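Here is the file start-v5.tsv (TSV, C-alpha atoms and all ligand atoms).
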```
chain	number	residue	atom	x	y	z
A	1	ALA	CA	121.81	122.32	110.76
A	2	GLY	CA	118.84	122.65	108.48
A	3	SER	CA	115.33	121.30	108.94
A	4	LEU	CA	113.23	118.86	106.98
A	5	TYR	CA	109.78	120.34	106.33
A	6	VAL	CA	107.10	117.71	105.65
A	7	VAL	CA	104.69	119.73	103.52
A	8	ALA	CA	101.08	118.77	102.76
A	9	THR	CA	99.95	119.78	99.26
A	10	PRO	CA	96.46	119.91	97.67
A	11	ILE	CA	94.42	116.76	96.91
A	12	GLY	CA	92.64	118.51	94.03
A	13	ASN	CA	91.89	122.15	94.70
A	14	LEU	CA	95.13	124.15	94.45
A	15	ASP	CA	93.71	126.88	96.70
A	16	ASP	CA	94.07	124.43	99.59
A	17	LEU	CA	97.84	124.93	99.72
A	18	SER	CA	98.49	126.96	102.87
A	19	PRO	CA	100.33	130.30	102.70
A	20	ARG	CA	102.91	128.82	105.08
A	21	ALA	CA	103.46	125.86	102.75
A	22	ALA	CA	103.91	128.21	99.79
A	23	ARG	CA	106.42	130.29	101.75
A	24	VAL	CA	108.46	127.28	102.86
A	25	LEU	CA	108.44	125.74	99.37
A	26	GLY	CA	109.81	129.01	98.03
A	27	GLU	CA	112.55	129.23	100.64
A	28	VAL	CA	114.07	125.74	100.97
A	29	ALA	CA	117.32	124.80	99.21
A	30	LEU	CA	115.81	121.57	97.89
A	31	ILE	CA	112.43	119.92	97.42
A	32	ALA	CA	112.36	116.13	97.66
A	33	ALA	CA	109.29	115.06	95.67
A	34	GLU	CA	107.58	111.74	94.96
A	35	ASP	CA	107.34	112.83	91.31
A	36	THR	CA	109.37	115.88	90.35
A	37	ARG	CA	107.36	116.54	87.17
A	38	HIS	CA	104.06	116.46	89.05
A	39	SER	CA	105.31	118.72	91.86
A	40	GLY	CA	107.07	120.92	89.30
A	41	ARG	CA	103.62	121.81	87.95
A	42	LEU	CA	102.47	122.84	91.44
A	43	LEU	CA	105.57	125.03	91.85
A	44	ARG	CA	105.00	126.69	88.49
A	45	HIS	CA	101.39	127.38	89.51
A	46	LEU	CA	102.79	129.10	92.62
A	47	GLY	CA	105.32	131.01	90.51
A	48	LEU	CA	108.20	129.23	92.27
A	49	SER	CA	111.24	127.40	91.01
A	50	ARG	CA	113.41	125.35	93.37
A	51	PRO	CA	115.91	122.52	92.83
A	52	MET	CA	114.14	119.16	93.10
A	53	LEU	CA	115.14	115.58	93.81
A	54	SER	CA	112.96	112.53	93.36
A	55	LEU	CA	112.12	110.52	96.45
A	56	HIS	CA	109.88	107.51	95.97
A	57	GLU	CA	109.52	104.05	97.46
A	58	HIS	CA	112.28	102.60	95.25
A	59	ASN	CA	115.03	105.11	96.07
A	60	GLU	CA	113.96	106.47	99.45
A	61	ALA	CA	116.44	104.46	101.56
A	62	ALA	CA	119.29	105.32	99.18
A	63	ARG	CA	118.52	109.07	99.47
A	64	VAL	CA	118.81	109.24	103.27
A	65	ASP	CA	122.56	109.91	103.42
A	66	THR	CA	122.48	112.55	100.67
A	67	LEU	CA	119.65	114.45	102.32
A	68	ASP	CA	121.17	114.10	105.77
A	69	ALA	CA	124.46	115.56	104.50
A	70	ARG	CA	122.64	118.57	103.08
A	71	LEU	CA	120.80	119.14	106.36
A	72	ALA	CA	124.14	118.85	108.17
A	73	ALA	CA	125.50	121.53	105.83
A	74	GLY	CA	122.73	123.85	107.03
A	75	GLU	CA	120.30	123.56	104.13
A	76	ASP	CA	116.54	123.35	104.66
A	77	ILE	CA	114.69	120.68	102.67
A	78	ALA	CA	110.98	120.20	101.93
A	79	LEU	CA	109.40	116.81	101.41
A	80	VAL	CA	106.24	116.63	99.28
A	81	SER	CA	104.24	113.84	97.68
A	82	ASP	CA	101.95	113.97	94.66
A	83	ALA	CA	98.91	114.89	96.74
A	84	GLY	CA	98.00	115.42	100.36
A	85	THR	CA	100.19	114.65	103.34
A	86	PRO	CA	103.50	112.82	102.75
A	87	LEU	CA	103.86	109.45	104.57
A	88	ILE	CA	100.08	108.90	104.52
A	89	SER	CA	99.93	106.06	101.96
A	90	ASP	CA	102.82	107.94	100.35
A	91	PRO	CA	106.65	107.90	100.53
A	92	GLY	CA	108.61	109.50	103.34
A	93	PHE	CA	108.38	107.13	106.32
A	94	VAL	CA	111.87	105.68	105.93
A	95	LEU	CA	113.40	109.13	105.46
A	96	VAL	CA	111.65	110.62	108.48
A	97	ARG	CA	112.46	107.61	110.67
A	98	GLU	CA	116.16	107.72	109.74
A	99	LEU	CA	116.55	111.49	110.05
A	100	ARG	CA	114.77	111.52	113.40
A	101	ALA	CA	117.08	108.74	114.60
A	102	ARG	CA	119.98	110.99	113.62
A	103	GLY	CA	118.57	113.88	115.64
A	104	ARG	CA	117.56	116.09	112.72
A	105	ARG	CA	114.79	118.67	113.14
A	106	ILE	CA	111.63	117.59	111.32
A	107	VAL	CA	108.80	120.09	110.99
A	108	PRO	CA	105.29	119.10	109.84
A	109	LEU	CA	103.35	121.62	107.73
A	110	PRO	CA	99.78	120.34	108.12
A	111	GLY	CA	97.27	120.58	105.32
A	112	PRO	CA	95.16	118.46	102.98
A	113	CYS	CA	94.75	114.77	103.74
A	114	ALA	CA	92.04	112.78	101.97
A	115	LEU	CA	91.14	110.58	104.93
A	116	VAL	CA	90.65	113.51	107.30
A	117	ALA	CA	88.66	115.51	104.74
A	118	ALA	CA	86.46	112.46	104.04
A	119	LEU	CA	85.81	111.72	107.72
A	120	SER	CA	85.09	115.37	108.49
A	121	ALA	CA	82.07	115.36	106.17
A	122	ALA	CA	80.82	111.74	106.21
A	123	GLY	CA	78.67	111.73	109.32
A	124	LEU	CA	80.16	108.47	110.61
A	125	PRO	CA	81.61	108.36	114.15
A	126	THR	CA	85.02	110.05	114.26
A	127	ASP	CA	85.85	109.60	117.95
A	128	ARG	CA	87.61	106.37	117.05
A	129	PHE	CA	88.57	105.31	113.53
A	130	LEU	CA	90.93	102.82	111.98
A	131	PHE	CA	92.75	103.92	108.84
A	132	GLN	CA	93.81	100.93	106.77
A	133	GLY	CA	95.35	102.57	103.69
A	134	PHE	CA	94.81	100.49	100.56
A	135	LEU	CA	93.32	97.02	100.93
A	136	PRO	CA	95.34	94.21	99.32
A	137	ALA	CA	94.77	93.98	95.56
A	138	LYS	CA	94.10	90.23	95.44
A	139	GLY	CA	90.55	89.14	96.25
A	140	GLY	CA	91.35	86.39	98.75
A	141	THR	CA	93.87	88.47	100.71
A	142	ARG	CA	91.52	91.44	100.65
A	143	ARG	CA	88.63	89.45	102.09
A	144	ALA	CA	90.92	87.96	104.75
A	145	ARG	CA	91.94	91.49	105.78
A	146	LEU	CA	88.27	92.51	106.01
A	147	GLU	CA	87.49	89.40	108.08
A	148	ALA	CA	90.22	90.40	110.50
A	149	LEU	CA	88.51	93.81	110.84
A	150	ALA	CA	84.93	92.55	111.16
A	151	ALA	CA	84.73	92.83	114.95
A	152	ARG	CA	86.41	96.26	115.18
A	153	GLU	CA	84.11	98.91	116.60
A	154	GLU	CA	85.97	101.87	115.09
A	155	THR	CA	84.87	103.49	111.82
A	156	LEU	CA	86.98	101.81	109.11
A	157	VAL	CA	88.68	104.04	106.54
A	158	PHE	CA	90.30	102.84	103.29
A	159	TYR	CA	91.88	104.40	100.24
A	160	GLU	CA	90.74	102.92	96.96
A	161	SER	CA	91.38	103.24	93.24
A	162	PRO	CA	88.57	103.55	90.68
A	163	HIS	CA	89.24	100.16	89.06
A	164	ARG	CA	88.86	98.28	92.34
A	165	VAL	CA	86.14	100.18	94.13
A	166	ARG	CA	83.30	97.93	92.92
A	167	ASP	CA	85.14	94.74	93.93
A	168	THR	CA	85.83	96.26	97.32
A	169	LEU	CA	82.16	97.16	97.79
A	170	ALA	CA	81.21	93.58	96.88
A	171	ASP	CA	83.70	92.25	99.44
A	172	LEU	CA	82.44	94.68	102.09
A	173	ASP	CA	78.96	93.34	101.46
A	174	SER	CA	79.93	89.67	101.59
A	175	VAL	CA	82.34	89.89	104.56
A	176	LEU	CA	80.88	92.66	106.77
A	177	GLY	CA	77.22	92.36	105.73
A	178	GLU	CA	74.68	95.17	106.09
A	179	ARG	CA	76.61	98.22	107.28
A	180	ARG	CA	76.52	101.89	106.49
A	181	VAL	CA	79.18	102.78	103.91
A	182	VAL	CA	80.11	106.32	102.87
A	183	LEU	CA	82.13	106.87	99.69
A	184	ALA	CA	83.90	110.22	99.37
A	185	ARG	CA	84.79	110.73	95.72
A	186	GLU	CA	86.93	113.43	94.07
A	187	LEU	CA	87.31	115.47	97.25
A	188	THR	CA	87.90	119.20	96.69
A	189	LYS	CA	87.46	118.70	92.92
A	190	THR	CA	84.67	119.66	90.52
A	191	PHE	CA	82.82	116.36	90.82
A	192	GLU	CA	83.13	115.91	94.58
A	193	THR	CA	80.40	113.48	95.67
A	194	PHE	CA	79.46	111.68	98.88
A	195	LEU	CA	77.49	108.44	98.42
A	196	ASP	CA	75.89	106.94	101.48
A	197	GLY	CA	74.16	103.57	101.89
A	198	SER	CA	74.77	99.85	102.19
A	199	ALA	CA	77.51	98.40	99.98
A	200	GLN	CA	74.80	96.81	97.82
A	201	GLU	CA	73.00	100.13	97.39
A	202	LEU	CA	76.25	101.82	96.39
A	203	ILE	CA	77.01	99.12	93.81
A	204	ALA	CA	73.54	99.67	92.35
A	205	ARG	CA	74.19	103.44	92.21
A	206	MET	CA	77.42	102.83	90.29
A	207	GLU	CA	75.73	100.46	87.87
A	208	ALA	CA	73.01	103.03	87.22
A	209	ASP	CA	75.56	105.84	86.78
A	210	PRO	CA	79.09	104.68	85.78
A	211	ASP	CA	80.43	108.22	86.43
A	212	GLN	CA	80.05	107.39	90.13
A	213	ALA	CA	82.84	104.82	89.74
A	214	ARG	CA	85.35	107.36	88.32
A	215	GLY	CA	88.01	109.29	90.16
A	216	GLU	CA	89.59	108.90	93.57
A	217	PHE	CA	87.83	107.43	96.58
A	218	VAL	CA	87.94	107.25	100.32
A	219	VAL	CA	85.79	104.35	101.54
A	220	MET	CA	84.42	104.60	105.07
A	221	VAL	CA	82.50	101.84	106.82
A	222	ALA	CA	80.60	101.92	110.12
A	223	GLY	CA	82.37	99.86	112.78
A	224	ALA	CA	80.82	96.77	114.36
A	225	ALA	CA	78.05	97.56	116.87
A	226	ARG	CA	79.80	98.94	119.94
A	227	ARG	CA	79.67	96.89	123.12
A	228	GLU	CA	78.43	99.86	125.16
A	229	ASP	CA	75.60	100.35	122.60
A	230	VAL	CA	74.74	96.66	122.67
A	231	GLU	CA	74.76	96.70	126.49
A	232	GLN	CA	72.68	99.87	126.48
A	233	SER	CA	70.03	98.34	124.23
A	234	ALA	CA	69.97	95.20	126.42
A	235	VAL	CA	69.29	97.45	129.43
A	236	GLU	CA	66.53	99.25	127.51
A	237	ALA	CA	64.95	95.93	126.47
A	238	ASP	CA	65.05	94.84	130.10
A	239	VAL	CA	63.28	98.02	131.25
A	240	LEU	CA	60.67	97.61	128.52
A	241	LEU	CA	60.09	93.96	129.38
A	242	ARG	CA	59.57	94.75	133.06
A	243	ALA	CA	57.12	97.53	132.18
A	244	LEU	CA	55.17	95.21	129.91
A	245	LEU	CA	55.10	92.45	132.51
A	246	ALA	CA	53.85	94.91	135.14
A	301	LIG	N1	98.95	111.30	100.88
A	301	LIG	C1	97.58	111.35	100.41
A	301	LIG	C2	96.68	111.95	101.51
A	301	LIG	O1	97.19	112.65	102.38
A	301	LIG	O2	95.48	111.76	101.48
A	301	LIG	C3	97.10	109.99	99.94
A	301	LIG	C4	97.92	109.42	98.82
A	301	LIG	S1	97.36	107.86	98.25
A	301	LIG	C5	98.65	107.38	97.18
A	301	LIG	C6	96.13	108.25	97.06
A	301	LIG	C7	94.72	107.85	97.54
A	301	LIG	O3	94.22	108.86	98.41
A	301	LIG	C8	93.70	107.74	96.42
A	301	LIG	O4	93.71	106.45	95.83
A	301	LIG	C9	92.40	107.96	97.17
A	301	LIG	O5	92.00	106.80	97.87
A	301	LIG	C10	92.85	109.03	98.19
A	301	LIG	N2	92.65	110.37	97.63
A	301	LIG	C11	93.59	111.26	97.27
A	301	LIG	N3	93.02	112.38	96.80
A	301	LIG	C12	91.68	112.19	96.87
A	301	LIG	C13	90.55	112.98	96.52
A	301	LIG	N4	90.69	114.20	95.98
A	301	LIG	N5	89.31	112.46	96.74
A	301	LIG	C14	89.16	111.23	97.27
A	301	LIG	N6	90.19	110.45	97.61
A	301	LIG	C15	91.44	110.92	97.41
```
Mind turning this structure into structure tokens?
Amino acid sequence: AGSLYVVATPIGNLDDLSPRAARVLGEVALIAAEDTRHSGRLLRHLGLSRPMLSLHEHNEAARVDTLDARLAAGEDIALVSDAGTPLISDPGFVLVRELRARGRRIVPLPGPCALVAALSAAGLPTDRFLFQGFLPAKGGTRRARLEALAAREETLVFYESPHRVRDTLADLDSVLGERRVVLARELTKTFETFLDGSAQELIARMEADPDQARGEFVVMVAGAARREDVEQSAVEADVLLRALLA
């Protein structure tokens, strides 16, 4: 039987496509793509032409049997999304879950992923982080989600669209208060920018320079003060107090 290759594609800079990804995309019998026109442009850039099939959130479940039959017939298939790693805030989960349940071979081809790229350059703790995808669009639901995260000690990571980023910063400020926020904008593209500060400072930066609100964003927020840090500073205060008393 054939294999399903889950292929990461660039999040901006086309040079980030790995040689292995290019080879596999050129060899498979079929490419299942979130948007065949979008991925068709990537293939043309690579000088490749393969049969394509759309696979998005609305038809994903209905495609499982078709794709499974082609794997059973010995064909290899690649799964790609518009940008970055499939399944990460992108289609593919249902397909991979169903094919794995049927015992198919599923091969990841690692590569670009906005959240990993953002974390790798933000300077926030990366030993533990909590990726939350997109926050809910509606204000009340979004703030409730943030409230549920307020006590988490992990670095919080969100995806965000340009027309909501200011509202999200305002909610971060009102729900989580004074915390370090890092915004990674337009990663791997010409206007790649990292903004670093409190949510209020970042809102002020966007008001001063509206270009800072354009493009694609990863929003990262320092976690709540860690218990071991809080305990450590209590111990230090204790030592200091004793020294002063002596
Ligand atoms: N599967 C993708 C990945 O692996 O990162 C994510 C797809 S999700 C639909 C799109 C979101 O990812 C954007 O709204 C933004 O939050 C983030 N994103 C994608 N490309 C980005 C880039 N070049 N710079 C910053 N954020 C990006």
From CA of Asn59 in chain A to CA of Pro91 in chain A the spacing works out at 9.9 Å
Just want the 12 Å neighbourhood of Arg44 in chain A, counted on only C-alpha atoms, with same-chain residues fewer than 5 positions away dropped. Output as a ChimeraX atom specification.
/A:14,22,25-26,36-39,49-50
Can you check which parts of chain A lie within 8 Å of ligand LIG 301 (chain A)? Per residue, the shortest pair of atoms and distance in Å to one decimal, counting only C-alpha atoms and all ligand atoms, sorted by chain and number, as a Markdown table.
```
| residue | atom | partner | partner_atom | distance |
| --- | --- | --- | --- | --- |
| A:Ala8 | CA | A:LIG301 | O1 | 7.3 |
| A:Ile11 | CA | A:LIG301 | N3 | 4.6 |
| A:Gly12 | CA | A:LIG301 | N4 | 5.1 |
| A:Ser81 | CA | A:LIG301 | N1 | 6.7 |
| A:Asp82 | CA | A:LIG301 | C4 | 7.4 |
| A:Ala83 | CA | A:LIG301 | C1 | 5.3 |
| A:Gly84 | CA | A:LIG301 | O1 | 3.5 |
| A:Thr85 | CA | A:LIG301 | O1 | 3.7 |
| A:Pro86 | CA | A:LIG301 | N1 | 5.1 |
| A:Leu87 | CA | A:LIG301 | N1 | 6.4 |
| A:Ile88 | CA | A:LIG301 | N1 | 4.5 |
| A:Ser89 | CA | A:LIG301 | S1 | 4.9 |
| A:Asp90 | CA | A:LIG301 | N1 | 5.2 |
| A:Pro112 | CA | A:LIG301 | O1 | 6.2 |
| A:Cys113 | CA | A:LIG301 | O1 | 3.5 |
| A:Ala114 | CA | A:LIG301 | O2 | 3.6 |
| A:Leu115 | CA | A:LIG301 | O2 | 5.7 |
| A:Val116 | CA | A:LIG301 | O2 | 7.8 |
| A:Ala118 | CA | A:LIG301 | C14 | 7.4 |
| A:Gly133 | CA | A:LIG301 | S1 | 7.8 |
| A:Phe134 | CA | A:LIG301 | O5 | 7.4 |
| A:Phe158 | CA | A:LIG301 | O5 | 6.9 |
| A:Tyr159 | CA | A:LIG301 | O5 | 3.4 |
| A:Glu160 | CA | A:LIG301 | O5 | 4.2 |
| A:Ser161 | CA | A:LIG301 | O4 | 4.7 |
| A:Pro162 | CA | A:LIG301 | O4 | 7.8 |
| A:Ala184 | CA | A:LIG301 | C14 | 5.8 |
| A:Arg185 | CA | A:LIG301 | C14 | 4.7 |
| A:Glu186 | CA | A:LIG301 | N5 | 3.7 |
| A:Leu187 | CA | A:LIG301 | N5 | 3.6 |
| A:Thr188 | CA | A:LIG301 | N4 | 5.8 |
| A:Lys189 | CA | A:LIG301 | N4 | 6.3 |
| A:Glu192 | CA | A:LIG301 | N5 | 7.4 |
| A:Gly215 | CA | A:LIG301 | N5 | 7.4 |
| A:Glu216 | CA | A:LIG301 | N6 | 4.4 |
| A:Phe217 | CA | A:LIG301 | N6 | 4.0 |
| A:Val218 | CA | A:LIG301 | N6 | 4.8 |
| A:Val219 | CA | A:LIG301 | O5 | 7.6 |
```
Show me as a PyMOL selection string the residues that reach within 9 Å of (81.1, 106.3, 110.1), counting all atoms listed in the file and using the file's own coordinates.
chain A and resi 119+122-126+129+154-157+180-182+220-223
Need to verify the contact set: Ala78 in chain A, 6 Å, all atoms listed in the file, exclusion of same-chain residues closer than 5 positions in sequence. Can you return it as a VMD selection string?
chain A and resid 4 to 6 31
For Leu79 in chain A, which residue among A:Val28, A:Gly47, A:Val7, A:Thr190 is the nearest when counting all atoms listed in the file?
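Among the listed residues, A:Val7 lies closest to Leu79 in chain A.
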